[in-house]
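Read the structure below first, then the notes.
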Amino acid sequence: MLTYEPDETLAHRLDPRSKLAFQVGFAIAAIARITPRALVVLTVVALLALAAARVPLRRALYAYRFALVALAAAPLVSALTLGRPWLDLEAAIVPALASYRVLLILLVSAAYVRSTAVRDSRAAIQRTIPGKAGQLLGVGVGLVFRFLPVLFADLRTIREASAARLGDQRGPIDRAARVGTLGLSRAFARADRLSLALQARCFSWNPTLPALSFSRLDVPVLALTLVLVVSPLF
């Protein structure tokens, strides 16, 4: 799973607000523009985003491997028919293009996750969205980014422990039920411990967040974001 890693890449030096705006602009362009030329341009932009954060393409694809299965299944299911010819390739074109656009958005988000600290993401959200709404979103983003890697590690530990006890020789439904049950139990236990830890540390809705400031590096990123946002109009 991709997580934040300290580095000195171009993406690391950008203001998190610029990176969030770029993601929104890229998502708007990817959803609105479905022409082959637009997809080629967006593919190049997504690859440049990965390069700016030094995220290998293979690593990003592996991190989203479960999502890739669902994205690949969508056009296949759409192409299947109940009668002859059994496989309608034309019916798979639109779902395939939609899946590819979602993949591009995921690649851009991988660059953001690898290059942005959780505290910076929270600061960017709370300083962009005023009031309790921004604080609530900031807290939610911070907890998600910190909690998900722990849950994935718990699931990996459960699978390894089950395999050590010959659990991998059971049927797939039995294995899924055992891993799912133990995973949920561990997740609820983690949530209880998290709640207690927040109370013990006098959790605050308005903590001291890191200072954010735009630099010259953010100017071309914001300009590109503006181009992506208005591109569907042309």
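Chain labels follow the order of the structure tokens: the first chain is A, the next B, and so on; residue numbering restarts at 1 in every chain, and ligands are counted from 1 in their shown order.
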I want to know what sits within 8 Å of stretch 86-93 of chain A, based on only C-alpha atoms, with residues of the same chain fewer than 6 positions away left out; could you give that as a count of residues only? 5
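Using only C-alpha atoms, the residues found no farther than 12 Å from A:Arg54, other than those of its own chain fewer than 5 positions away, are Tyr4, Glu5, Pro6, Asp7, Glu8, Thr9, Leu10, Ala11, His12, Leu47, Leu48, Ala49, Arg59, Ala60, Val108, Ala110, Ala111, Tyr112, Val113, Arg114 and Ser115 of chain A.
The two atoms in question, atom CA of A:Ala29 and atom CA of A:Val77, are spaced 26.1 Å apart.
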Non-local contacts of A:Arg216 (12 Å; only C-alpha atoms; under 2 positions in same chain excluded) as a VMD selection string: chain A and resid 10 13 to 15 18 213 to 214 218 to 223
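Between atom CA of A:Ala27 and atom CA of A:Ile105 lies a distance of 6.0 Å.
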Excluding stretch 178-190 of chain A and residues on its chain fewer than 3 positions from it, collect all residues at most 6 Å away from it, counting only C-alpha atoms, and give them as a tab-separated table (two decimals) with C-alpha atoms, in the first residue's frame.
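And here's part_3.tsv as it stands now:
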```tsv
chain	number	residue	atom	x	y	z
A	155	LEU	CA	-5.29	-8.48	7.35
A	175	ARG	CA	-10.96	-18.67	4.05
A	193	ARG	CA	-8.17	1.80	21.12
```
Once DSSP has gone over the backbone, tell me which residues of stretch 65-222 of chain A are in helix (DSSP H, G or I), as a ChimeraX atom specification. /A:65-79,89-115,118-128,131-164,167-169,172-200,218-222
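When atom CA of A:Leu217 is paired with atom CA of A:Leu50, their separation reads 16.5 Å.
Closest approach to A:Pro210 among A:Arg58, A:Arg119, A:Arg156, A:Arg84: A:Arg119, based on only C-alpha atoms.
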